[in-house]
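Okay, data28.cif now, which holds mmCIF, C-alpha atoms:
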data_run
#
loop_
_atom_site.label_atom_id
_atom_site.label_comp_id
_atom_site.auth_asym_id
_atom_site.auth_seq_id
_atom_site.Cartn_x
_atom_site.Cartn_y
_atom_site.Cartn_z
CA MET E 928 24.40 1.24 -23.64
CA LEU E 929 22.14 -0.36 -26.27
CA TYR E 930 19.42 2.24 -25.64
CA GLN E 931 21.73 5.13 -26.57
CA GLU E 932 23.38 3.26 -29.43
CA ARG E 933 19.95 2.67 -30.97
CA LYS E 934 19.45 6.44 -31.20
CA THR E 935 22.85 7.23 -32.66
CA ASN E 936 23.16 4.32 -35.10
CA PRO E 937 19.97 4.19 -37.24
CA GLN E 938 21.57 1.82 -39.77
CA GLU E 939 21.63 -0.92 -37.15
CA THR E 940 18.22 -0.15 -35.64
CA GLU E 941 16.57 -3.52 -36.33
CA LYS E 942 19.50 -5.51 -34.93
CA LEU E 943 19.82 -3.24 -31.92
CA ASP E 944 16.06 -3.41 -31.30
CA ARG E 945 16.22 -7.20 -31.02
CA SER E 946 19.14 -6.97 -28.59
CA LEU E 947 17.45 -4.27 -26.53
CA VAL E 948 14.18 -6.20 -26.28
CA ARG E 949 16.07 -9.32 -25.13
CA HIS E 950 17.86 -7.20 -22.51
CA VAL E 951 14.56 -5.73 -21.28
CA LEU E 952 12.97 -9.18 -20.98
CA ASP E 953 16.01 -10.55 -19.14
CA GLN E 954 15.77 -7.71 -16.63
CA ALA E 955 12.03 -8.28 -16.20
CA LYS E 956 12.55 -12.00 -15.52
CA ARG E 957 14.82 -11.05 -12.61
CA VAL E 958 11.97 -9.03 -11.12
CA VAL E 959 9.30 -11.70 -11.58
CA ALA E 960 9.87 -14.48 -9.07
CA HIS E 961 7.54 -16.92 -10.85
CA PRO E 962 6.54 -15.93 -14.39
CA SER E 963 3.25 -17.81 -14.10
CA LYS E 964 -0.23 -16.37 -14.43
CA PRO E 965 -2.18 -15.40 -11.29
CA ARG E 966 -4.09 -18.48 -10.14
CA GLN E 967 -6.64 -19.41 -7.49
CA LYS E 968 -7.98 -22.59 -5.89
CA LYS E 969 -11.21 -24.07 -7.23
CA ILE E 970 -13.19 -26.99 -5.78
CA GLN E 971 -14.91 -29.24 -8.32
CA SER E 972 -16.53 -32.65 -8.35
CA PHE E 973 -14.40 -35.68 -9.27
CA LYS E 974 -16.80 -36.31 -12.16
CA ASP E 975 -16.10 -32.86 -13.64
CA ASN E 976 -12.34 -33.02 -13.13
CA PRO E 977 -10.92 -36.51 -12.42
CA THR E 978 -7.32 -35.17 -12.62
CA GLY E 979 -7.67 -32.80 -9.63
CA ASP E 980 -6.26 -33.41 -6.14
CA ILE E 981 -8.82 -35.24 -4.00
CA GLU E 982 -10.13 -33.21 -1.05
CA ILE E 983 -11.46 -35.64 1.56
CA GLU E 984 -12.53 -32.97 4.10
CA GLU E 985 -14.38 -30.93 1.48
CA SER E 986 -16.06 -34.11 0.23
CA LEU E 987 -17.22 -35.26 3.68
CA GLU E 988 -18.52 -31.81 4.59
CA GLU E 989 -20.94 -31.93 1.70
CA SER E 990 -21.74 -35.65 1.74
CA PRO E 991 -20.83 -37.89 4.71
CA VAL E 992 -21.53 -40.93 2.55
CA LEU E 993 -19.39 -40.95 -0.58
CA SER E 994 -21.52 -43.11 -2.81
CA GLU E 995 -21.48 -41.23 -6.13
CA PRO E 996 -18.70 -39.69 -8.27
CA ASP E 997 -20.25 -36.28 -7.67
CA ASP E 998 -19.82 -36.77 -3.91
CA LEU E 999 -16.04 -36.74 -4.21
CA LYS E 1000 -14.49 -33.26 -4.38
CA VAL E 1001 -11.17 -32.32 -5.93
CA GLU E 1002 -9.02 -29.21 -5.84
CA THR E 1003 -7.55 -27.60 -8.93
CA GLN E 1004 -5.78 -24.37 -9.78
CA VAL E 1005 -7.40 -22.08 -12.35
CA ASP E 1006 -6.35 -18.78 -13.89
CA ILE E 1007 -7.74 -15.67 -12.18
CA PRO E 1008 -9.66 -13.74 -14.84
CA ILE E 1009 -8.01 -10.30 -14.72
CA SER E 1010 -8.44 -7.56 -17.30
CA LEU E 1011 -6.57 -4.34 -16.71
CA VAL E 1012 -5.04 -1.38 -18.46
CA ALA E 1013 -1.54 -0.12 -17.63
CA ILE E 1014 -1.21 3.63 -18.20
CA LEU E 1015 2.33 5.01 -18.37
CA ASP E 1016 3.61 8.57 -18.53
CA SER E 1017 5.45 9.16 -21.79
CA SER E 1018 6.01 12.90 -21.54
CA SER E 1019 9.39 14.53 -22.20
CA SER E 1020 10.37 14.19 -18.53
CA MET E 1021 10.39 10.40 -19.01
CA SER E 1022 13.16 10.27 -21.59
CA GLY E 1023 16.41 8.36 -21.31
CA GLU E 1024 16.91 5.86 -18.49
CA LYS E 1025 13.37 6.41 -17.15
CA HIS E 1026 11.88 5.29 -20.47
CA LEU E 1027 14.08 2.20 -20.47
CA LEU E 1028 13.07 1.31 -16.90
CA ALA E 1029 9.42 1.83 -17.78
CA SER E 1030 9.87 -0.65 -20.65
CA ILE E 1031 11.06 -3.24 -18.11
CA ALA E 1032 7.85 -2.58 -16.17
CA VAL E 1033 5.89 -3.26 -19.36
CA ALA E 1034 7.85 -6.51 -19.77
CA VAL E 1035 6.87 -7.54 -16.23
CA LEU E 1036 3.23 -7.05 -17.23
CA THR E 1037 3.63 -9.22 -20.34
CA LEU E 1038 5.22 -12.02 -18.30
CA LYS E 1039 2.46 -12.11 -15.70
CA LEU E 1040 -0.74 -11.83 -17.74
CA PRO E 1041 -2.14 -13.50 -20.87
CA ALA E 1042 -1.96 -11.16 -23.86
CA PRO E 1043 -5.73 -10.72 -24.46
CA SER E 1044 -6.34 -9.57 -20.86
CA TYR E 1045 -4.33 -6.36 -20.73
CA SER E 1046 -3.78 -3.12 -22.59
CA VAL E 1047 -0.89 -0.66 -22.44
CA VAL E 1048 -1.58 3.05 -22.84
CA VAL E 1049 1.03 5.81 -22.99
CA PHE E 1050 0.18 9.43 -22.42
CA ALA E 1051 1.81 12.84 -22.73
CA SER E 1052 -0.10 15.77 -24.25
CA ASP E 1053 -2.37 13.11 -25.75
CA ALA E 1054 -2.77 9.38 -25.19
CA LYS E 1055 -2.60 6.27 -27.36
CA SER E 1056 -2.79 2.51 -26.94
CA ILE E 1057 0.39 0.67 -27.88
CA LYS E 1058 -1.17 -2.68 -26.93
CA LYS E 1059 -4.90 -3.11 -27.48
CA MET E 1060 -7.12 -5.13 -25.19
CA LYS E 1061 -7.84 -8.60 -26.62
CA ALA E 1062 -4.93 -8.28 -29.07
CA ILE E 1063 -2.78 -11.40 -29.13
CA GLU E 1064 0.85 -10.45 -29.56
CA THR E 1065 4.20 -11.52 -28.20
CA PRO E 1066 5.86 -9.77 -25.25
CA GLU E 1067 8.67 -8.82 -27.66
CA LYS E 1068 6.28 -6.90 -29.89
CA THR E 1069 4.62 -5.05 -27.00
CA ILE E 1070 7.99 -4.06 -25.54
CA LEU E 1071 9.30 -2.90 -28.92
CA ASN E 1072 6.19 -0.79 -29.50
CA PHE E 1073 6.72 0.85 -26.12
CA LEU E 1074 10.40 1.52 -26.81
CA LYS E 1075 9.44 3.17 -30.09
CA SER E 1076 7.00 5.53 -28.35
CA GLN E 1077 9.61 8.18 -27.71
CA PRO E 1078 8.83 10.48 -24.74
CA ARG E 1079 7.74 13.97 -25.76
CA GLY E 1080 5.24 16.67 -24.85
CA PHE E 1081 3.54 17.65 -21.60
CA THR E 1082 1.62 15.56 -19.04
CA ASN E 1083 -2.12 15.09 -19.51
CA ILE E 1084 -3.18 12.50 -16.93
CA GLN E 1085 -6.86 12.88 -17.79
CA LYS E 1086 -6.20 11.83 -21.39
CA GLY E 1087 -4.34 8.74 -20.20
CA LEU E 1088 -7.16 7.68 -17.88
CA GLU E 1089 -9.75 8.35 -20.59
CA GLN E 1090 -7.92 6.18 -23.12
CA GLY E 1091 -7.63 3.46 -20.48
CA LEU E 1092 -11.41 3.44 -20.01
CA LYS E 1093 -11.89 3.06 -23.76
CA GLU E 1094 -9.71 -0.05 -23.70
CA LEU E 1095 -11.55 -1.55 -20.72
CA LYS E 1096 -14.92 -1.03 -22.41
CA SER E 1097 -13.75 -3.32 -25.22
CA SER E 1098 -13.06 -6.15 -22.75
CA THR E 1099 -15.42 -8.56 -21.02
CA ALA E 1100 -14.11 -7.53 -17.61
CA LYS E 1101 -16.63 -7.18 -14.80
CA LYS E 1102 -14.43 -4.57 -13.11
CA ARG E 1103 -12.64 -1.61 -14.65
CA ILE E 1104 -9.14 -2.00 -13.21
CA GLY E 1105 -6.40 0.46 -14.05
CA LEU E 1106 -2.76 0.88 -13.10
CA ILE E 1107 -1.17 4.27 -13.73
CA ALA E 1108 2.44 5.36 -13.20
CA THR E 1109 2.69 9.11 -12.65
CA ASP E 1110 4.40 11.79 -10.55
CA GLY E 1111 0.97 13.27 -9.86
CA ARG E 1112 1.56 16.49 -11.79
CA THR E 1113 -0.81 17.41 -14.58
CA THR E 1114 0.77 20.09 -16.78
CA GLU E 1115 -1.86 20.07 -19.53
CA GLY E 1116 -5.54 19.22 -20.02
CA LYS E 1117 -8.52 18.77 -17.71
CA ASP E 1118 -8.63 17.79 -14.05
CA PRO E 1119 -8.29 13.96 -14.05
CA MET E 1120 -10.31 13.31 -10.88
CA ASP E 1121 -13.73 12.91 -12.54
CA THR E 1122 -12.28 10.42 -15.01
CA ALA E 1123 -10.60 8.49 -12.18
CA LYS E 1124 -14.03 8.04 -10.54
CA GLN E 1125 -15.10 5.85 -13.45
CA TYR E 1126 -12.62 3.13 -12.46
CA ASP E 1127 -13.66 0.36 -10.06
CA PHE E 1128 -10.10 0.00 -8.81
CA LEU E 1129 -7.20 2.27 -9.74
CA VAL E 1130 -3.65 1.58 -8.57
CA VAL E 1131 -1.50 4.70 -8.70
CA LEU E 1132 2.24 4.13 -8.74
CA HIS E 1133 3.53 7.49 -7.55
CA LEU E 1134 6.94 8.31 -9.02
CA HIS E 1135 8.94 10.39 -6.57
CA GLY E 1136 11.31 12.98 -7.97
CA PRO E 1137 11.83 16.73 -8.44
CA GLY E 1138 8.44 18.42 -8.77
CA SER E 1139 6.40 15.29 -8.01
CA HIS E 1140 3.14 15.77 -6.10
CA LEU E 1141 2.29 12.88 -3.76
CA GLU E 1142 -0.99 14.40 -2.53
CA SER E 1143 -2.30 14.57 -6.11
CA SER E 1144 -1.45 10.90 -6.67
CA GLN E 1145 -3.14 9.92 -3.40
CA LEU E 1146 -6.22 11.93 -4.36
CA LEU E 1147 -6.26 10.25 -7.77
CA ALA E 1148 -6.20 6.80 -6.13
CA SER E 1149 -8.95 7.83 -3.71
CA HIS E 1150 -11.21 9.00 -6.53
CA GLY E 1151 -10.44 5.77 -8.38
CA HIS E 1152 -11.49 3.62 -5.39
CA GLY E 1153 -7.97 2.27 -5.27
CA ILE E 1154 -4.60 2.64 -3.64
CA CYS E 1155 -1.47 4.77 -4.07
CA LEU E 1156 1.89 2.96 -3.88
CA GLU E 1157 5.03 5.06 -3.70
CA VAL E 1158 8.04 4.45 -5.93
CA GLU E 1159 10.89 6.09 -4.04
CA LYS E 1160 13.53 5.40 -6.70
CA PHE E 1161 12.63 5.13 -10.36
CA GLU E 1162 14.65 1.93 -10.73
CA ASP E 1163 12.13 0.32 -8.36
CA LEU E 1164 9.26 0.84 -10.82
CA PRO E 1165 9.31 -2.69 -12.37
CA LYS E 1166 9.28 -4.31 -8.90
CA ARG E 1167 6.46 -2.07 -7.68
CA LEU E 1168 4.42 -2.84 -10.78
CA TYR E 1169 4.95 -6.55 -10.07
CA ASP E 1170 3.75 -6.01 -6.49
CA SER E 1171 0.70 -4.19 -7.87
CA LEU E 1172 -0.23 -7.10 -10.12
CA ARG E 1173 -0.08 -9.47 -7.16
CA LEU E 1174 -2.31 -7.09 -5.20
CA ILE E 1175 -4.83 -6.86 -8.04
CA ALA E 1176 -4.88 -10.66 -8.41
CA ARG E 1177 -6.06 -11.01 -4.81
CA ARG E 1178 -9.05 -8.71 -5.23
#

Write-out of the structure in structure tokens:
Amino acid sequence: MLYQERKTNPQETEKLDRSLVRHVLDQAKRVVAHPSKPRQKKIQSFKDNPTGDIEIEESLEESPVLSEPDDLKVETQVDIPISLVAILDSSSSMSGEKHLLASIAVAVLTLKLPAPSYSVVVFASDAKSIKKMKAIETPEKTILNFLKSQPRGFTNIQKGLEQGLKELKSSTAKKRIGLIATDGRTTEGKDPMDTAKQYDFLVVLHLHGPGSHLESSQLLASHGHGICLEVEKFEDLPKRLYDSLRLIARR
């Protein structure tokens, strides 16, 4: 596998990185049914947008006599303004295939949202941003940065949530929306519940597995005014993250 070869063949790292990133993106595209941005319907006047689809019913509801350009209404599709931070466990328990699958989840995020509107945070004993909010960079670069963040250390969920809030504060988002993938177990640091309360909507992707703690993940989502979605098998993580983005887009 490319992922293992990259570790054992440092002389070919750059070439293998390019191949691995392409593989990750290809896998992500299989998950994403339509790699378009989340969009919503918007009604405008014909004068403001003469290229929109004419809405006769909407027009007549507002003005039974269509005598002016402003009386005619049109429908158009506009991007939904979403700003969110994705927070991913990068402790030692996430090494190997789990880290590779998590990178596909990151790729799903890059395919669905414009670069300036999201941030990616990884956490273990500490937390760091591998993709800053507002930063304009290619999906390839974001994925590569994640792949280079080798899993190590313990699990400090509070640090991850705290770093996520820092990223959201740098955005123009009206709501602090976070998405965290975790097994619910904090093995280091403070209780994360108080930090979770500072989110307006927190989606918790609970990763089932040996030692995972579903009740803690559910409590985390409750404190974050959000929802806990279970990931029964780790290979389902990219698909569940995609489902989460669709859920967030409807809020």

* Can you list what the PyMOL selection byres ((chain E and resi 1017) around 8) grabs from this structure, as a PyMOL selection string? -> chain E and resi 1015-1016+1018-1022+1026+1049-1051+1076-1079+1082

Skipping near chain neighbours, those fewer than 6 positions away, what residues fall within 8 Å of stretch 1044-1047 of chain E using only C-alpha atoms, listed as a compact mmCIF listing (two decimals) with C-alpha atoms, keeping the file's coordinate frame?
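And here is the file that came out, around.txt:
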# COMPACT_ATOMS: atom_id res chain seq x y z
CA ILE E 1009 -8.01 -10.30 -14.72
CA SER E 1010 -8.44 -7.56 -17.30
CA LEU E 1011 -6.57 -4.34 -16.71
CA VAL E 1012 -5.04 -1.38 -18.46
CA ALA E 1013 -1.54 -0.12 -17.63
CA ILE E 1014 -1.21 3.63 -18.20
CA LEU E 1015 2.33 5.01 -18.37
CA VAL E 1033 5.89 -3.26 -19.36
CA SER E 1056 -2.79 2.51 -26.94
CA ILE E 1057 0.39 0.67 -27.88
CA LYS E 1058 -1.17 -2.68 -26.93
CA LYS E 1059 -4.90 -3.11 -27.48
CA MET E 1060 -7.12 -5.13 -25.19
CA LYS E 1061 -7.84 -8.60 -26.62
CA GLY E 1091 -7.63 3.46 -20.48
CA GLU E 1094 -9.71 -0.05 -23.70
CA SER E 1098 -13.06 -6.15 -22.75

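Taking atom CA of E:Pro1041 as the reference point, atom CA of E:Val959 is found at 14.8 Å.
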
* To do: Have a look at atom CA of E:Val1131 and atom CA of E:Leu1174 and let me know their distance in Å, one decimal.
  => 12.3 Å

Using only C-alpha atoms, which residues of stretch 1036-1103 of chain E come within 12 Å of stretch 1144-1155 of chain E, and what is the closest atom pair for each, with the distance in Å to one decimal? Give it as JSON lines, sorted by chain and residue number.
{"residue": "E:Ile1084", "atom": "CA", "partner": "E:Leu1147", "partner_atom": "CA", "distance": 9.9}
{"residue": "E:Gln1085", "atom": "CA", "partner": "E:Leu1147", "partner_atom": "CA", "distance": 10.4}
{"residue": "E:Leu1088", "atom": "CA", "partner": "E:Gly1151", "partner_atom": "CA", "distance": 10.2}
{"residue": "E:Leu1092", "atom": "CA", "partner": "E:Gly1151", "partner_atom": "CA", "distance": 11.9}
{"residue": "E:Lys1102", "atom": "CA", "partner": "E:His1152", "partner_atom": "CA", "distance": 11.6}
{"residue": "E:Arg1103", "atom": "CA", "partner": "E:Gly1151", "partner_atom": "CA", "distance": 9.9}

Kindly reconstruct stretch 1135-1152 of chain E with N, CA and C atoms and present the result as a PDB file, keeping the file's coordinate frame.
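File produced: out.pdb:
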ATOM      1  N   HIS E1135       8.299   9.282  -7.278  1.00  0.00           N
ATOM      2  CA  HIS E1135       8.940  10.390  -6.570  1.00  0.00           C
ATOM      3  C   HIS E1135      10.029  11.008  -7.444  1.00  0.00           C
ATOM      4  N   GLY E1136      10.287  12.289  -7.217  1.00  0.00           N
ATOM      5  CA  GLY E1136      11.310  12.980  -7.970  1.00  0.00           C
ATOM      6  C   GLY E1136      11.078  14.479  -7.882  1.00  0.00           C
ATOM      7  N   PRO E1137      11.978  15.269  -8.464  1.00  0.00           N
ATOM      8  CA  PRO E1137      11.830  16.730  -8.440  1.00  0.00           C
ATOM      9  C   PRO E1137      10.477  17.147  -9.034  1.00  0.00           C
ATOM     10  N   GLY E1138       9.718  17.913  -8.265  1.00  0.00           N
ATOM     11  CA  GLY E1138       8.440  18.420  -8.770  1.00  0.00           C
ATOM     12  C   GLY E1138       7.278  17.460  -8.652  1.00  0.00           C
ATOM     13  N   SER E1139       7.506  16.250  -8.131  1.00  0.00           N
ATOM     14  CA  SER E1139       6.400  15.290  -8.010  1.00  0.00           C
ATOM     15  C   SER E1139       5.434  15.764  -6.925  1.00  0.00           C
ATOM     16  N   HIS E1140       4.188  15.300  -7.013  1.00  0.00           N
ATOM     17  CA  HIS E1140       3.140  15.770  -6.100  1.00  0.00           C
ATOM     18  C   HIS E1140       2.393  14.567  -5.538  1.00  0.00           C
ATOM     19  N   LEU E1141       2.854  14.087  -4.364  1.00  0.00           N
ATOM     20  CA  LEU E1141       2.290  12.880  -3.760  1.00  0.00           C
ATOM     21  C   LEU E1141       0.813  13.045  -3.429  1.00  0.00           C
ATOM     22  N   GLU E1142       0.414  14.189  -2.913  1.00  0.00           N
ATOM     23  CA  GLU E1142      -0.990  14.400  -2.530  1.00  0.00           C
ATOM     24  C   GLU E1142      -1.919  14.236  -3.727  1.00  0.00           C
ATOM     25  N   SER E1143      -1.482  14.702  -4.893  1.00  0.00           N
ATOM     26  CA  SER E1143      -2.300  14.570  -6.110  1.00  0.00           C
ATOM     27  C   SER E1143      -2.457  13.101  -6.489  1.00  0.00           C
ATOM     28  N   SER E1144      -1.374  12.326  -6.369  1.00  0.00           N
ATOM     29  CA  SER E1144      -1.450  10.900  -6.670  1.00  0.00           C
ATOM     30  C   SER E1144      -2.360  10.173  -5.693  1.00  0.00           C
ATOM     31  N   GLN E1145      -2.273  10.537  -4.417  1.00  0.00           N
ATOM     32  CA  GLN E1145      -3.140   9.920  -3.400  1.00  0.00           C
ATOM     33  C   GLN E1145      -4.602  10.266  -3.658  1.00  0.00           C
ATOM     34  N   LEU E1146      -4.855  11.507  -4.050  1.00  0.00           N
ATOM     35  CA  LEU E1146      -6.220  11.930  -4.360  1.00  0.00           C
ATOM     36  C   LEU E1146      -6.754  11.188  -5.578  1.00  0.00           C
ATOM     37  N   LEU E1147      -5.881  10.985  -6.555  1.00  0.00           N
ATOM     38  CA  LEU E1147      -6.260  10.250  -7.770  1.00  0.00           C
ATOM     39  C   LEU E1147      -6.660   8.816  -7.412  1.00  0.00           C
ATOM     40  N   ALA E1148      -5.883   8.167  -6.562  1.00  0.00           N
ATOM     41  CA  ALA E1148      -6.200   6.800  -6.130  1.00  0.00           C
ATOM     42  C   ALA E1148      -7.505   6.764  -5.348  1.00  0.00           C
ATOM     43  N   SER E1149      -7.718   7.771  -4.498  1.00  0.00           N
ATOM     44  CA  SER E1149      -8.950   7.830  -3.710  1.00  0.00           C
ATOM     45  C   SER E1149     -10.170   7.966  -4.597  1.00  0.00           C
ATOM     46  N   HIS E1150     -10.100   8.841  -5.583  1.00  0.00           N
ATOM     47  CA  HIS E1150     -11.210   9.000  -6.530  1.00  0.00           C
ATOM     48  C   HIS E1150     -11.430   7.741  -7.355  1.00  0.00           C
ATOM     49  N   GLY E1151     -10.351   6.995  -7.589  1.00  0.00           N
ATOM     50  CA  GLY E1151     -10.440   5.770  -8.380  1.00  0.00           C
ATOM     51  C   GLY E1151     -10.722   4.536  -7.547  1.00  0.00           C
ATOM     52  N   HIS E1152     -11.128   4.731  -6.291  1.00  0.00           N
ATOM     53  CA  HIS E1152     -11.490   3.620  -5.390  1.00  0.00           C
ATOM     54  C   HIS E1152     -10.347   2.625  -5.240  1.00  0.00           C
TER      55      HIS E1152
END
